[in-house]
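Source file: query_18.cif; contents: mmCIF, C-alpha atoms and all ligand atoms.
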data_my_file
#
loop_
_atom_site.label_atom_id
_atom_site.label_comp_id
_atom_site.auth_asym_id
_atom_site.auth_seq_id
_atom_site.Cartn_x
_atom_site.Cartn_y
_atom_site.Cartn_z
CA MET A 1 0.00 0.00 0.00
CA LYS A 2 2.92 2.32 -0.66
CA GLN A 3 1.16 4.63 -3.09
CA LEU A 4 -2.16 5.69 -1.59
CA THR A 5 -4.83 6.93 -4.01
CA THR A 6 -6.28 10.36 -3.28
CA LEU A 7 -9.93 10.55 -2.32
CA ALA A 8 -10.73 12.48 -5.50
CA ASP A 9 -9.06 9.89 -7.74
CA ALA A 10 -10.55 6.95 -5.88
CA VAL A 11 -14.08 8.37 -6.11
CA GLU A 12 -13.58 9.15 -9.80
CA THR A 13 -12.37 5.59 -10.45
CA VAL A 14 -15.38 4.08 -8.70
CA LEU A 15 -17.95 6.30 -10.40
CA SER A 16 -16.50 5.69 -13.83
CA ALA A 17 -17.01 1.94 -13.32
CA VAL A 18 -20.73 2.41 -12.68
CA ARG A 19 -23.12 1.02 -15.33
CA PRO A 20 -26.80 1.92 -15.26
CA MET A 21 -29.27 -0.70 -14.12
CA GLU A 22 -31.83 -1.96 -16.60
CA THR A 23 -35.41 -0.70 -16.45
CA GLU A 24 -38.28 -2.83 -15.16
CA LYS A 25 -42.00 -2.12 -14.94
CA VAL A 26 -43.76 -2.10 -11.60
CA PRO A 27 -47.43 -1.48 -10.80
CA LEU A 28 -48.05 2.16 -9.89
CA ALA A 29 -49.01 1.15 -6.34
CA GLU A 30 -45.49 -0.24 -5.85
CA ALA A 31 -43.60 2.63 -7.44
CA HIS A 32 -43.22 4.94 -4.44
CA GLY A 33 -39.57 5.71 -3.76
CA ARG A 34 -38.42 4.06 -6.98
CA ILE A 35 -36.40 5.90 -9.62
CA ALA A 36 -37.98 6.57 -13.00
CA GLY A 37 -36.09 4.50 -15.56
CA THR A 38 -37.20 6.60 -18.54
CA ASP A 39 -38.99 9.87 -19.19
CA ILE A 40 -42.71 9.18 -18.79
CA GLU A 41 -45.43 10.94 -20.82
CA SER A 42 -49.12 11.41 -20.25
CA MET A 43 -51.36 8.95 -22.10
CA ASP A 44 -54.29 11.39 -22.03
CA ASP A 45 -55.36 14.99 -21.83
CA VAL A 46 -56.01 15.84 -18.18
CA PRO A 47 -58.76 16.78 -17.58
CA GLY A 48 -60.10 14.80 -20.51
CA PHE A 49 -63.15 17.07 -21.02
CA PRO A 50 -64.28 20.55 -20.02
CA ASN A 51 -65.87 20.30 -16.58
CA SER A 52 -67.23 22.32 -13.74
CA ALA A 53 -65.03 23.62 -10.94
CA MET A 54 -68.08 24.33 -8.74
CA ASP A 55 -71.41 22.95 -7.68
CA GLY A 56 -73.82 25.28 -9.51
CA PHE A 57 -75.47 25.86 -12.87
CA ALA A 58 -74.00 25.60 -16.36
CA PHE A 59 -75.32 28.04 -18.98
CA ARG A 60 -74.46 30.07 -22.06
CA HIS A 61 -72.92 33.37 -21.02
CA ARG A 62 -74.54 35.24 -23.89
CA ASP A 63 -77.97 34.44 -22.39
CA LEU A 64 -77.35 36.84 -19.53
CA GLY A 65 -79.18 40.16 -19.82
CA ARG A 66 -77.50 43.54 -20.18
CA GLY A 67 -77.39 44.12 -16.42
CA GLY A 68 -75.75 40.75 -15.87
CA GLY A 69 -78.71 39.04 -14.19
CA ALA A 70 -80.91 36.50 -15.93
CA ARG A 71 -83.61 33.99 -15.27
CA LEU A 72 -82.80 30.66 -16.90
CA ARG A 73 -84.86 27.50 -17.24
CA VAL A 74 -83.31 24.49 -15.47
CA VAL A 75 -83.58 21.56 -17.87
CA GLY A 76 -81.30 18.94 -16.41
CA ASP A 77 -79.05 17.71 -13.65
CA ILE A 78 -75.47 16.51 -14.18
CA PRO A 79 -73.82 14.71 -11.25
CA ALA A 80 -70.06 13.95 -11.41
CA GLY A 81 -69.44 10.84 -13.48
CA SER A 82 -72.37 11.27 -15.84
CA VAL A 83 -72.97 13.12 -19.09
CA ALA A 84 -75.92 15.41 -19.99
CA GLU A 85 -78.44 13.75 -22.26
CA ARG A 86 -78.63 16.76 -24.57
CA GLY A 87 -77.07 20.15 -25.17
CA LEU A 88 -78.29 23.52 -23.92
CA ALA A 89 -80.62 25.71 -25.92
CA ALA A 90 -81.05 29.50 -25.55
CA GLY A 91 -82.19 30.56 -22.08
CA GLU A 92 -81.49 27.18 -20.51
CA ALA A 93 -79.30 26.05 -17.62
CA MET A 94 -78.43 22.70 -16.10
CA ARG A 95 -77.65 21.97 -12.48
CA ILE A 96 -74.04 20.67 -12.44
CA MET A 97 -71.76 19.23 -9.76
CA THR A 98 -68.00 19.76 -9.35
CA GLY A 99 -66.11 17.62 -11.85
CA ALA A 100 -69.11 16.90 -14.06
CA PRO A 101 -68.70 17.51 -17.82
CA LEU A 102 -70.20 20.69 -19.23
CA PRO A 103 -73.20 20.07 -21.49
CA ASP A 104 -72.73 20.99 -25.15
CA GLY A 105 -73.40 24.68 -25.65
CA ALA A 106 -72.61 25.71 -22.09
CA ASP A 107 -69.54 27.88 -21.54
CA THR A 108 -69.88 29.20 -17.98
CA VAL A 109 -70.79 27.89 -14.52
CA VAL A 110 -72.25 30.00 -11.75
CA GLN A 111 -71.77 28.67 -8.25
CA VAL A 112 -74.94 27.77 -6.42
CA GLU A 113 -74.26 30.38 -3.72
CA HIS A 114 -74.65 33.17 -6.33
CA THR A 115 -78.07 32.07 -7.56
CA SER A 116 -81.64 31.89 -6.36
CA GLU A 117 -84.06 29.16 -7.41
CA ASP A 118 -87.76 29.41 -8.00
CA GLY A 119 -89.52 26.27 -9.25
CA ASP A 120 -87.70 25.18 -12.41
CA ALA A 121 -86.05 28.59 -12.90
CA VAL A 122 -82.73 29.85 -11.63
CA THR A 123 -81.61 33.47 -11.42
CA VAL A 124 -77.95 34.44 -11.70
CA GLU A 125 -77.62 37.11 -9.05
CA GLN A 126 -74.12 38.44 -9.54
CA PRO A 127 -72.12 39.52 -12.57
CA ILE A 128 -69.96 36.69 -13.84
CA ALA A 129 -67.20 36.54 -16.45
CA PRO A 130 -67.63 34.35 -19.53
CA GLY A 131 -65.95 30.97 -19.02
CA ALA A 132 -65.97 31.29 -15.21
CA ASN A 133 -65.67 28.12 -13.14
CA VAL A 134 -64.91 25.93 -16.14
CA ARG A 135 -61.83 23.71 -16.22
CA ALA A 136 -60.63 23.40 -19.79
CA ALA A 137 -59.78 20.02 -21.28
CA GLY A 138 -56.03 19.45 -21.08
CA GLU A 139 -55.37 22.42 -18.76
CA ASP A 140 -53.22 20.25 -16.45
CA LEU A 141 -51.63 17.85 -18.96
CA ARG A 142 -51.77 17.18 -22.69
CA VAL A 143 -51.30 13.78 -24.32
CA GLY A 144 -47.54 13.37 -24.60
CA THR A 145 -46.64 15.92 -21.91
CA ARG A 146 -43.63 14.65 -19.96
CA VAL A 147 -44.86 14.09 -16.41
CA VAL A 148 -41.74 12.49 -14.92
CA GLU A 149 -38.12 12.80 -15.90
CA ARG A 150 -35.74 9.82 -16.00
CA GLY A 151 -33.78 9.57 -12.73
CA ARG A 152 -36.48 11.19 -10.60
CA VAL A 153 -37.33 9.69 -7.23
CA LEU A 154 -41.08 9.02 -7.34
CA ARG A 155 -42.91 10.76 -4.49
CA ALA A 156 -46.59 11.04 -3.59
CA ALA A 157 -47.38 13.83 -6.08
CA ASP A 158 -45.64 11.89 -8.85
CA LEU A 159 -47.76 8.82 -8.16
CA GLY A 160 -50.90 10.95 -8.39
CA LEU A 161 -49.71 12.60 -11.59
CA LEU A 162 -48.91 9.24 -13.14
CA ALA A 163 -52.34 7.95 -12.13
CA ALA A 164 -54.00 11.01 -13.66
CA ALA A 165 -51.90 10.51 -16.78
CA GLY A 166 -53.15 6.94 -17.14
CA VAL A 167 -49.85 5.20 -16.40
CA ALA A 168 -50.64 1.88 -14.69
CA ASP A 169 -47.20 0.29 -14.93
CA VAL A 170 -44.20 2.47 -14.30
CA PRO A 171 -40.77 1.97 -15.87
CA VAL A 172 -38.27 2.20 -13.00
CA ALA A 173 -34.60 1.39 -12.62
CA ARG A 174 -34.11 -2.07 -11.16
CA ARG A 175 -32.82 -1.77 -7.60
CA PRO A 176 -29.19 -2.89 -7.31
CA ARG A 177 -28.83 -6.03 -5.21
CA VAL A 178 -25.95 -5.73 -2.79
CA ALA A 179 -24.26 -8.75 -1.22
CA ILE A 180 -22.90 -7.97 2.25
CA LEU A 181 -20.16 -10.18 3.67
CA ALA A 182 -18.38 -9.53 6.97
CA THR A 183 -15.00 -11.20 7.37
CA GLY A 184 -13.26 -12.06 10.62
CA SER A 185 -12.90 -15.14 12.85
CA GLU A 186 -13.60 -12.91 15.84
CA LEU A 187 -17.14 -12.08 14.72
CA VAL A 188 -20.39 -13.43 16.10
CA ASP A 189 -23.84 -12.15 15.31
CA PRO A 190 -25.90 -10.48 18.05
CA GLY A 191 -27.88 -13.09 19.98
CA GLU A 192 -24.97 -15.53 19.93
CA PRO A 193 -22.68 -15.84 22.96
CA VAL A 194 -19.52 -13.75 22.75
CA GLY A 195 -16.81 -16.15 23.91
CA PRO A 196 -13.31 -15.03 24.85
CA GLY A 197 -11.72 -12.88 22.17
CA LEU A 198 -14.92 -12.56 20.17
CA ILE A 199 -16.83 -9.42 19.22
CA ARG A 200 -20.16 -8.82 17.59
CA ASN A 201 -20.54 -8.30 13.88
CA SER A 202 -21.72 -4.72 13.66
CA ASN A 203 -20.58 -4.00 10.08
CA GLY A 204 -23.07 -6.48 8.67
CA PHE A 205 -25.84 -4.39 10.17
CA THR A 206 -24.59 -0.89 9.45
CA ALA A 207 -24.05 -1.93 5.82
CA LEU A 208 -27.55 -3.40 5.70
CA GLY A 209 -29.02 -0.10 6.91
CA GLN A 210 -26.89 1.97 4.59
CA VAL A 211 -27.90 -0.14 1.58
CA LEU A 212 -31.57 0.24 2.47
CA GLU A 213 -31.16 3.98 2.98
CA ALA A 214 -29.65 4.17 -0.51
CA GLY A 215 -32.76 2.50 -1.97
CA ALA A 216 -30.96 -0.73 -2.87
CA VAL A 217 -31.64 -4.32 -1.84
CA PRO A 218 -29.31 -5.81 0.78
CA VAL A 219 -28.45 -9.50 0.57
CA PRO A 220 -26.74 -10.39 3.88
CA LEU A 221 -24.34 -13.29 3.46
CA GLY A 222 -23.25 -13.46 7.09
CA VAL A 223 -19.72 -13.86 8.36
CA ALA A 224 -16.71 -15.45 6.66
CA ARG A 225 -14.08 -16.82 9.05
CA ASP A 226 -10.50 -15.84 8.25
CA ASP A 227 -9.98 -18.96 6.19
CA ARG A 228 -9.07 -18.78 2.53
CA ASP A 229 -11.49 -21.47 1.34
CA VAL A 230 -14.41 -20.22 3.38
CA THR A 231 -13.78 -16.68 2.18
CA ARG A 232 -13.49 -17.85 -1.44
CA LYS A 233 -16.73 -19.80 -1.30
CA LEU A 234 -18.69 -16.90 0.15
CA LEU A 235 -17.13 -14.27 -2.09
CA GLU A 236 -17.91 -16.43 -5.12
CA LYS A 237 -21.53 -16.41 -4.07
CA ALA A 238 -21.41 -12.66 -3.45
CA LEU A 239 -20.12 -12.03 -6.97
CA GLN A 240 -23.48 -13.10 -8.41
CA TYR A 241 -24.91 -9.77 -7.26
CA ASP A 242 -24.71 -6.29 -8.78
CA VAL A 243 -22.59 -4.97 -5.94
CA VAL A 244 -20.44 -6.72 -3.32
CA ILE A 245 -19.41 -5.20 -0.01
CA THR A 246 -16.97 -7.13 2.11
CA SER A 247 -15.79 -5.67 5.36
CA GLY A 248 -12.45 -6.37 6.98
CA GLY A 249 -9.62 -8.60 5.84
CA VAL A 250 -8.16 -6.00 3.45
CA SER A 251 -5.33 -4.74 5.62
CA VAL A 252 -1.83 -6.16 5.92
CA GLY A 253 -2.51 -8.72 8.66
CA ASP A 254 -1.52 -12.39 8.38
CA TYR A 255 -5.18 -13.41 8.03
CA ASP A 256 -6.32 -10.71 5.63
CA PHE A 257 -7.37 -12.96 2.75
CA VAL A 258 -9.88 -10.80 0.95
CA LYS A 259 -7.53 -9.34 -1.66
CA ALA A 260 -5.90 -12.68 -2.45
CA VAL A 261 -9.26 -14.37 -2.83
CA GLN A 262 -10.57 -11.52 -4.99
CA GLU A 263 -7.61 -12.09 -7.31
CA GLU A 264 -8.27 -15.83 -7.50
CA LEU A 265 -11.86 -15.09 -8.47
CA GLY A 266 -10.89 -12.65 -11.20
CA VAL A 267 -11.71 -9.35 -9.57
CA ASP A 268 -10.00 -6.57 -11.54
CA ARG A 269 -8.57 -4.35 -8.78
CA LYS A 270 -8.69 -0.62 -9.50
CA PHE A 271 -7.09 0.55 -6.27
CA TRP A 272 -6.11 -0.50 -2.77
CA GLY A 273 -5.32 2.15 -0.19
CA VAL A 274 -6.83 5.63 0.01
CA ARG A 275 -5.32 8.76 1.56
CA VAL A 276 -8.11 9.18 4.06
CA LYS A 277 -8.60 8.53 7.76
CA PRO A 278 -10.51 6.47 8.62
CA GLY A 279 -10.66 4.19 5.61
CA LYS A 280 -7.11 3.67 4.37
CA PRO A 281 -7.20 -0.04 3.46
CA MET A 282 -10.24 0.34 1.21
CA THR A 283 -10.09 -1.61 -2.04
CA PHE A 284 -12.25 -1.50 -5.14
CA GLY A 285 -12.49 -3.56 -8.29
CA THR A 286 -14.90 -4.95 -10.84
CA CYS A 287 -15.78 -8.51 -11.78
CA GLY A 288 -18.05 -9.18 -14.73
CA GLY A 289 -20.80 -6.65 -14.20
CA SER A 290 -20.31 -6.41 -10.43
CA LEU A 291 -18.77 -3.58 -8.45
CA VAL A 292 -16.66 -5.06 -5.67
CA PHE A 293 -16.00 -2.91 -2.61
CA GLY A 294 -13.66 -4.13 0.13
CA VAL A 295 -14.27 -1.73 2.99
CA PRO A 296 -12.05 -1.78 6.07
CA GLY A 297 -13.10 -3.76 9.14
CA ASN A 298 -13.09 -0.93 11.63
CA PRO A 299 -16.77 -0.07 12.06
CA VAL A 300 -16.48 3.68 11.43
CA ALA A 301 -14.14 3.21 8.49
CA ALA A 302 -16.62 0.73 7.02
CA MET A 303 -19.39 3.30 7.30
CA THR A 304 -17.49 6.33 6.01
CA SER A 305 -16.15 4.27 3.10
CA PHE A 306 -19.71 3.33 2.25
CA GLU A 307 -20.75 6.97 2.38
CA VAL A 308 -17.95 8.13 0.15
CA PHE A 309 -17.77 5.29 -2.38
CA VAL A 310 -20.70 2.89 -2.25
CA ARG A 311 -23.66 5.21 -1.77
CA PRO A 312 -22.94 7.47 -4.76
CA SER A 313 -22.40 4.36 -6.89
CA LEU A 314 -25.73 2.83 -5.89
CA LEU A 315 -27.55 6.08 -6.65
CA ALA A 316 -25.72 6.53 -9.96
CA MET A 317 -26.64 2.97 -10.98
CA THR A 318 -30.30 3.94 -10.79
CA GLY A 319 -29.78 6.99 -12.99
CA ARG A 320 -30.16 9.61 -10.28
CA PRO A 321 -28.32 12.86 -10.94
CA ASP A 322 -28.06 13.79 -7.24
CA VAL A 323 -25.70 11.05 -6.12
CA TRP A 324 -23.68 13.11 -3.63
CA ARG A 325 -24.38 14.25 -0.11
CA PRO A 326 -24.72 18.00 0.38
CA TRP A 327 -21.41 19.69 1.24
CA PHE A 328 -21.03 23.20 2.62
CA PRO A 329 -18.55 25.22 4.65
CA ALA A 330 -19.15 25.37 8.40
CA SER A 331 -17.17 26.99 11.18
CA ALA A 332 -15.57 25.03 13.97
CA SER A 333 -17.12 25.60 17.38
CA GLU A 334 -13.92 24.34 19.02
CA PRO A 335 -10.23 24.36 18.04
CA VAL A 336 -9.39 21.99 15.17
CA VAL A 337 -6.55 19.60 15.96
CA PRO A 338 -3.90 18.94 13.31
CA SER A 339 -4.02 16.06 10.86
CA ARG A 340 -1.07 14.06 9.58
CA GLU A 341 -0.39 12.54 6.20
CA ARG A 342 -3.98 11.65 5.38
CA ALA A 343 -7.10 13.77 4.95
CA GLU A 344 -9.50 13.11 7.80
CA LEU A 345 -13.25 12.76 7.94
CA ARG A 346 -14.21 13.60 11.53
CA ARG A 347 -17.63 12.79 12.93
CA CYS A 348 -19.53 15.93 13.85
CA HIS A 349 -22.84 17.50 14.61
CA ILE A 350 -23.91 20.34 12.34
CA ALA A 351 -25.69 23.29 13.95
CA GLY A 352 -27.90 25.46 11.75
CA GLY A 353 -28.36 29.19 11.76
CA PRO A 354 -27.26 31.76 9.18
CA GLU A 355 -23.67 30.53 9.55
CA ARG A 356 -23.47 26.80 10.04
CA SER A 357 -21.08 25.39 12.58
CA PHE A 358 -19.87 21.96 13.56
CA SER A 359 -18.78 20.26 16.76
CA LEU A 360 -17.22 16.81 17.08
CA THR A 361 -19.49 14.12 18.48
CA GLY A 362 -16.89 12.28 20.56
CA ALA A 363 -13.73 10.21 20.30
CA GLN A 364 -12.57 9.76 16.71
CA GLY A 365 -10.99 6.29 16.85
CA SER A 366 -12.06 4.26 13.82
CA GLY A 367 -13.69 1.68 16.07
CA ILE A 368 -15.80 4.18 18.05
CA LEU A 369 -19.23 3.63 16.55
CA SER A 370 -21.06 5.63 19.23
CA SER A 371 -19.66 8.94 17.94
CA MET A 372 -20.78 7.91 14.44
CA ALA A 373 -24.30 7.26 15.66
CA LEU A 374 -24.41 10.81 17.08
CA ALA A 375 -23.03 12.39 13.91
CA ASP A 376 -25.07 14.06 11.22
CA GLY A 377 -22.00 15.24 9.36
CA LEU A 378 -18.37 14.54 8.55
CA VAL A 379 -15.94 17.43 8.54
CA LEU A 380 -13.11 17.15 6.04
CA VAL A 381 -9.73 18.14 7.49
CA PRO A 382 -7.05 18.22 4.76
CA SER A 383 -3.86 16.19 5.10
CA GLY A 384 -0.97 17.93 6.82
CA TYR A 385 -3.31 20.39 8.50
CA ALA A 386 -1.57 22.50 11.13
CA GLY A 387 -4.66 22.94 13.30
CA ALA A 388 -6.75 26.07 13.80
CA PRO A 389 -8.63 27.98 16.49
CA ALA A 390 -12.40 27.84 16.83
CA GLY A 391 -14.16 29.76 14.08
CA GLU A 392 -12.15 28.16 11.29
CA ARG A 393 -14.29 27.24 8.28
CA LEU A 394 -13.95 23.75 6.85
CA PRO A 395 -15.97 21.72 4.34
CA VAL A 396 -18.61 19.55 5.96
CA MET A 397 -20.50 16.70 4.39
CA ALA A 398 -24.06 16.19 5.66
CA LEU A 399 -25.03 12.58 6.33
CA GLU A 400 -28.54 13.25 5.09
CA GLY A 401 -29.97 14.44 1.80
CA ASN A 402 -28.64 14.39 -1.72
CA SER A 403 -27.01 16.82 -4.07
CA ALA A 404 -25.94 16.85 -7.71
CA GLU A 405 -22.93 19.01 -6.88
CA ARG A 406 -19.57 17.24 -6.92
CA PRO A 407 -17.95 17.36 -3.46
CA PRO A 408 -14.55 18.93 -2.79
CA PHE A 409 -12.68 15.65 -2.34
CA PRO A 410 -8.95 16.27 -1.86
CA SER A 411 -6.75 15.46 -4.88
P1 LIG A 501 -9.60 -6.01 9.85
O1 LIG A 501 -9.65 -4.96 8.78
O2 LIG A 501 -10.25 -7.28 9.41
O3 LIG A 501 -8.26 -6.18 10.40
O4 LIG A 501 -10.50 -5.43 11.03
C1 LIG A 501 -10.14 -4.23 11.68
C2 LIG A 501 -10.86 -4.12 13.00
O5 LIG A 501 -12.26 -4.06 12.76
C3 LIG A 501 -10.66 -5.27 13.93
O6 LIG A 501 -10.58 -4.77 15.24
C4 LIG A 501 -11.87 -6.11 13.75
O7 LIG A 501 -12.17 -6.89 14.87
C5 LIG A 501 -12.92 -5.07 13.50
N1 LIG A 501 -13.99 -5.61 12.68
C6 LIG A 501 -13.84 -6.27 11.52
N2 LIG A 501 -15.01 -6.66 11.02
C7 LIG A 501 -15.94 -6.25 11.90
C8 LIG A 501 -17.36 -6.33 11.94
N3 LIG A 501 -18.04 -6.96 10.98
N4 LIG A 501 -18.00 -5.80 12.99
C9 LIG A 501 -17.32 -5.16 13.96
N5 LIG A 501 -15.99 -5.02 13.96
C10 LIG A 501 -15.30 -5.56 12.96
MG MG A 502 -10.20 -9.15 10.08
#
Turn this file's structure into structure tokens for me.
Amino acid sequence: MKQLTTLADAVETVLSAVRPMETEKVPLAEAHGRIAGTDIESMDDVPGFPNSAMDGFAFRHRDLGRGGGARLRVVGDIPAGSVAERGLAAGEAMRIMTGAPLPDGADTVVQVEHTSEDGDAVTVEQPIAPGANVRAAGEDLRVGTRVVERGRVLRAADLGLLAAAGVADVPVARRPRVAILATGSELVDPGEPVGPGLIRNSNGFTALGQVLEAGAVPVPLGVARDDRDVTRKLLEKALQYDVVITSGGVSVGDYDFVKAVQEELGVDRKFWGVRVKPGKPMTFGTCGGSLVFGVPGNPVAAMTSFEVFVRPSLLAMTGRPDVWRPWFPASASEPVVPSRERAELRRCHIAGGPERSFSLTGAQGSGILSSMALADGLVLVPSGYAGAPAGERLPVMALEGNSAERPPFPS
């Protein structure tokens, strides 16, 4: 690991290996949160016919007298969902409900509150503009209007718009399936006894949550002991998926088999070793159509490596343009301690206000998961940083939200 890759180069390498997922069709009721796989157009004009925006009376505006008022003969009743049996003749009106189609000949609707009724006659009591209270056909959408753009995350309003547009099956990007494999003979899953020298597998669970939060499908493959054959067997299985995340076993220890086994299985390594703390022993390669991430074993390094490398890849695979987290400058609310030869991502809490600030959430050791759980941001301290007093502004990456703007990764 003599020559460490810069964060900027490593991210660039990963993103340029991303291939878009194919598109699949899902029923509209299952499309919430999915990413549109193509532009989608309206199948119909919406509304499909001129209709009333009020409960009231439809009539011909030219039948009103000079002074505006008029007595009209009520010749029909049009509830929503039905169509008048005939058109309107001079001096006639029809009672009409909101959403019901205008009868032929009618051009205006007066709301019931502005009329008085007397037997089968209705009087329009207030001046009214021609065309009032009529929704024109196609005023919301026209046939062929683009209602959703490729790469858009489908939210509630989009589902409604697609329904209105007559789209029953929605083309969406297939969700990437992500195999998750923790490596380490010391690992047991929660619920199992932790014998001497054993710890619990937390990376398997943080990765699971991170994959879900990125809108992808986690496939947990459990724990591989530090044994070459066991690791090979499980990694071989993992390579059937779109994306593979292994944690641990990529450092320089005697039992770190992941890289060797990747090579045996034909993984084309793009880099190993990144100039960032935590996260140095990160490795990335491709195998067939799969992206293969080897994140470090230390729980915080595993999570920050996911944030920086895996998450943007998963979002880019679905065609989203906003694959990055939001980054912005924030001022330190305490002195900033120096960094050494690697850029550092320090766990912090971001405070709002006109000028955002950050404060560290606790000890920064790469195994201290509790300070990660408290963090809603990572502050980027450049390599070789001499330290600074409180008030210093540094780039901070939010751990929520998305942005299309490329982050200031150090090169
Ligand atoms: P490694 O990269 O395999 O040497 O692991 C580095 C450190 O992370 C060691 O202290 C491991 O015990 C720890 N570690 C590795 N994998 C996990 C995991 N899945 N859950 C929690 N800690 C882990
Ligand atoms: Mg290990």
Per residue of chain A within 12 Å of ligand MG 502 (chain A), what are the shortest atom pair and its distance in Å to one decimal, counting only C-alpha atoms and all ligand atoms, with rows by chain and residue number, as a tab-separated table?
residue	atom	partner	partner_atom	distance
A:Leu181	CA	A:MG502	MG	11.9
A:Ala182	CA	A:MG502	MG	8.8
A:Thr183	CA	A:MG502	MG	5.9
A:Gly184	CA	A:MG502	MG	4.3
A:Ser185	CA	A:MG502	MG	7.1
A:Glu186	CA	A:MG502	MG	7.7
A:Leu187	CA	A:MG502	MG	8.8
A:Leu198	CA	A:MG502	MG	11.6
A:Ile199	CA	A:MG502	MG	11.3
A:Asn201	CA	A:MG502	MG	11.0
A:Asn203	CA	A:MG502	MG	11.6
A:Val223	CA	A:MG502	MG	10.8
A:Ala224	CA	A:MG502	MG	9.7
A:Arg225	CA	A:MG502	MG	8.7
A:Asp226	CA	A:MG502	MG	6.9
A:Asp227	CA	A:MG502	MG	10.6
A:Thr231	CA	A:MG502	MG	11.5
A:Thr246	CA	A:MG502	MG	10.7
A:Ser247	CA	A:MG502	MG	8.1
A:Gly248	CA	A:MG502	MG	4.7
A:Gly249	CA	A:MG502	MG	4.3
A:Val250	CA	A:MG502	MG	7.6
A:Ser251	CA	A:MG502	MG	7.9
A:Val252	CA	A:MG502	MG	9.8
A:Gly253	CA	A:MG502	MG	7.8
A:Asp254	CA	A:MG502	MG	9.4
A:Tyr255	CA	A:MG502	MG	6.9
A:Asp256	CA	A:MG502	MG	6.1
A:Phe257	CA	A:MG502	MG	8.7
A:Val258	CA	A:MG502	MG	9.3
A:Pro281	CA	A:MG502	MG	11.7
A:Gly294	CA	A:MG502	MG	11.7
A:Val295	CA	A:MG502	MG	11.0
A:Pro296	CA	A:MG502	MG	8.6
A:Gly297	CA	A:MG502	MG	6.2
A:Asn298	CA	A:MG502	MG	8.9
A:Pro299	CA	A:MG502	MG	11.4
Atoms kept (C-alpha atoms) for selection, written as a PDB file, in the coordinates of the input:
ATOM      1  CA  LEU A 181     -20.160 -10.180   3.670  1.00  0.00           C
ATOM      2  CA  ALA A 182     -18.380  -9.530   6.970  1.00  0.00           C
ATOM      3  CA  THR A 183     -15.000 -11.200   7.370  1.00  0.00           C
ATOM      4  CA  GLY A 184     -13.260 -12.060  10.620  1.00  0.00           C
ATOM      5  CA  SER A 185     -12.900 -15.140  12.850  1.00  0.00           C
ATOM      6  CA  GLU A 186     -13.600 -12.910  15.840  1.00  0.00           C
ATOM      7  CA  LEU A 187     -17.140 -12.080  14.720  1.00  0.00           C
ATOM      8  CA  LEU A 198     -14.920 -12.560  20.170  1.00  0.00           C
ATOM      9  CA  ILE A 199     -16.830  -9.420  19.220  1.00  0.00           C
ATOM     10  CA  ASN A 201     -20.540  -8.300  13.880  1.00  0.00           C
ATOM     11  CA  ASN A 203     -20.580  -4.000  10.080  1.00  0.00           C
ATOM     12  CA  VAL A 223     -19.720 -13.860   8.360  1.00  0.00           C
ATOM     13  CA  ALA A 224     -16.710 -15.450   6.660  1.00  0.00           C
ATOM     14  CA  ARG A 225     -14.080 -16.820   9.050  1.00  0.00           C
ATOM     15  CA  ASP A 226     -10.500 -15.840   8.250  1.00  0.00           C
ATOM     16  CA  ASP A 227      -9.980 -18.960   6.190  1.00  0.00           C
ATOM     17  CA  THR A 231     -13.780 -16.680   2.180  1.00  0.00           C
ATOM     18  CA  THR A 246     -16.970  -7.130   2.110  1.00  0.00           C
ATOM     19  CA  SER A 247     -15.790  -5.670   5.360  1.00  0.00           C
ATOM     20  CA  GLY A 248     -12.450  -6.370   6.980  1.00  0.00           C
ATOM     21  CA  GLY A 249      -9.620  -8.600   5.840  1.00  0.00           C
ATOM     22  CA  VAL A 250      -8.160  -6.000   3.450  1.00  0.00           C
ATOM     23  CA  SER A 251      -5.330  -4.740   5.620  1.00  0.00           C
ATOM     24  CA  VAL A 252      -1.830  -6.160   5.920  1.00  0.00           C
ATOM     25  CA  GLY A 253      -2.510  -8.720   8.660  1.00  0.00           C
ATOM     26  CA  ASP A 254      -1.520 -12.390   8.380  1.00  0.00           C
ATOM     27  CA  TYR A 255      -5.180 -13.410   8.030  1.00  0.00           C
ATOM     28  CA  ASP A 256      -6.320 -10.710   5.630  1.00  0.00           C
ATOM     29  CA  PHE A 257      -7.370 -12.960   2.750  1.00  0.00           C
ATOM     30  CA  VAL A 258      -9.880 -10.800   0.950  1.00  0.00           C
ATOM     31  CA  PRO A 281      -7.200  -0.040   3.460  1.00  0.00           C
ATOM     32  CA  GLY A 294     -13.660  -4.130   0.130  1.00  0.00           C
ATOM     33  CA  VAL A 295     -14.270  -1.730   2.990  1.00  0.00           C
ATOM     34  CA  PRO A 296     -12.050  -1.780   6.070  1.00  0.00           C
ATOM     35  CA  GLY A 297     -13.100  -3.760   9.140  1.00  0.00           C
ATOM     36  CA  ASN A 298     -13.090  -0.930  11.630  1.00  0.00           C
ATOM     37  CA  PRO A 299     -16.770  -0.070  12.060  1.00  0.00           C
TER      38      PRO A 299
END
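For the choices A:Val112, A:Ala121, A:Val300, A:Val244, the atom-to-atom distance to ligand LIG 501 (chain A) is smallest for A:Val300 when using all atoms listed in the file.
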Skip Met94 in chain A itself and residues of its chain fewer than 2 positions away, then list as a PyMOL selection string all residues within 6 Å of it, counting all atoms listed in the file.
chain A and resi 57-58+74-77
What gap, in Å, lies between CA of Arg340 in chain A and CA of Val379 in chain A?
15.3 Å
Residues proximal to (-62.3, 19.7, -17.7) were defined as those with any atom within 9 Å of that point in the file's coordinates, counting all atoms listed in the file. Which are they, as a list in words?
Val46, Pro47, Gly48, Phe49, Pro50, Asn51, Ser52, Ala53, Gly99, Ala100, Pro101, Leu102, Val134, Arg135, Ala136, Ala137, Gly138 and Glu139 of chain A
